[in-house]
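Q: Could you have a look at this structure, given as structure tokens, before my questions?
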Amino acid sequence: MKVDVLLGLQWGDEGKGKVVDYLATKYKVVARFQGGPNAGHTLEFDGIKHVLHQIPSGIFRSDIKNVVGNGVVLDPVIFKKEIEELSGLGLDATQNLYISRKTQIILPTHRLLDAYQEKLKGSKKIGSTLKGIGPTYQDKIGRQGLRVGDIEMIGFEGRYKELRDKHLSMIEDDDISSKISELEPLFFQAVEYLKTLKLVDSEYLINEEIANNSGVLAEGAQGSLLDIDFGSYPFVTSSSTMVSGACSGLGVAPSKIGEVFGVFKAYCTRVGSGPFPTELFDKTGEKMRKQGHEFGATTGRPRRCGWLDLPALKYAIMINGVTQLFMMKADVLAGFDSINVCIGYELEDGSTTDKLPYDLVNQPVKPMYKELTGWNDTMPSSANYNDISQPLKDYIKFIEEEVGVPIKIVSLGPDRSETIIR
């Protein structure tokens, strides 16, 4: 067996949580391989909406092992709260939840540093979620971070204090640094709780499951266009959101990667700052936001909305080697008389391209659109692809022909039942 990888192909918020929950029955292991509590994977079933930030989206299936991989950064306080909230729903998440000892820990001062660094940027803010993600990855790369396995070691508290004091010396803002006194007690309570969970050498666990022919699904967070290397830099996240991140974030060899599932919305959204060529500032964009309930699952911030961007989508497909596409939120575009799709860009010098330019920040582009007929579809009671309207079929066919990859799933609603398999 090989590891299948599920990724977002846009700027995050594509609907990955719903897809993982839907596909989970085919797998014995679901593993998160990057990101942290800046993720917000939403699952909806039985009339209840669930938002997961750090826990893998297979947690609602009792027969699945859910692994937090070494590429993740973990906030013990938020993690503890997530588990307790699931417990309130009658779900004991601790029974099938495993945390890599090599997972980096988000300290209280990482959150304070995040707030301080973002404040210093002023009008050049990148739109950080202020969860301490960036500073934690900085410490990881700087070889001074603390890992989950360290909490089991003698001298952890001393190492913590040393790094905490170093962080505080960097924050020249008393209003921010003084918050450590209220954050620290909760952090150490959560660390003690973390010690009671299943801390494992996850690279062995994952590879043993592969050797035993167990199905493994690697669950990505954020989206490909937020990747630290290939995203719209510097308005990106701090980790590798591409398929290569699954290898380094779980300890899996490239030869062990199987299917690559790419998740995208029928339109585009983005939270926070950064380039967005097809963004709409009119009533059409507002209609998308309202019909799609486009507010960040983690931050609550309204998402910027716009038409589907094919050059950006093709770029993400190419870099990741996507083998199957899953189109989400097709229902949100119901009621639009016509649908625009960006098929290329006009550059400042008047030339055109169908490739994603190196710099979209300082050299904005003008999208070139193809207009297609709109649709009014809701989820057919038959759950059969043949029973959706011809305009929606034409939209799907057009995208497939442009990107060269089949669309295997079409979502027409937030519930796991509102899903069409082609």
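In the structure tokens, the first chain shown is A, the next is B, and so on; residue numbers restart at 1 for each chain, and ligands run from 1 in the order shown.
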Would you pick out the contacts of A:Leu91 at 10 Å or less, using only C-alpha atoms, so that residues sharing its chain but fewer than 3 positions from it are not included, and give the list as a ChimeraX atom specification?
A: /A:59-62,83-88,94-95
Q: Return the single residue from A:Phe295, A:Thr237, A:Thr109, A:Gly36 that is closest to A:Lys161, with distances computed using only C-alpha atoms.
A: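 Looking only at the distances to A:Lys161, the closest residue turns out to be A:Thr109.
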Q: From stretch 199-396 of chain A, collect each residue whose DSSP state is helix (DSSP H, G or I) and return the set as a PyMOL selection string.
A: chain A and resi 202-211+224-226+243-250+254-256+283-292+310-320+330-333+385-387+390-396
Q: From the list A:Gly220, A:Gly35, A:Pro76, A:Gly321, which residue is nearest A:Ile133 when using only C-alpha atoms?
A: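 Of A:Gly220, A:Gly35, A:Pro76, A:Gly321, the one nearest A:Ile133, counting only C-alpha atoms, is A:Gly35.
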Q: Counting only C-alpha atoms, what is within 7 Å of A:Leu6, bar same-chain residues fewer than 6 positions away, as a PyMOL selection string?
A: chain A and resi 218-220+260-262
Q: From the list A:Val271, A:Ile399, A:Val410, A:Leu163, which residue is nearest A:Met328 when using only C-alpha atoms?
A: A:Val410
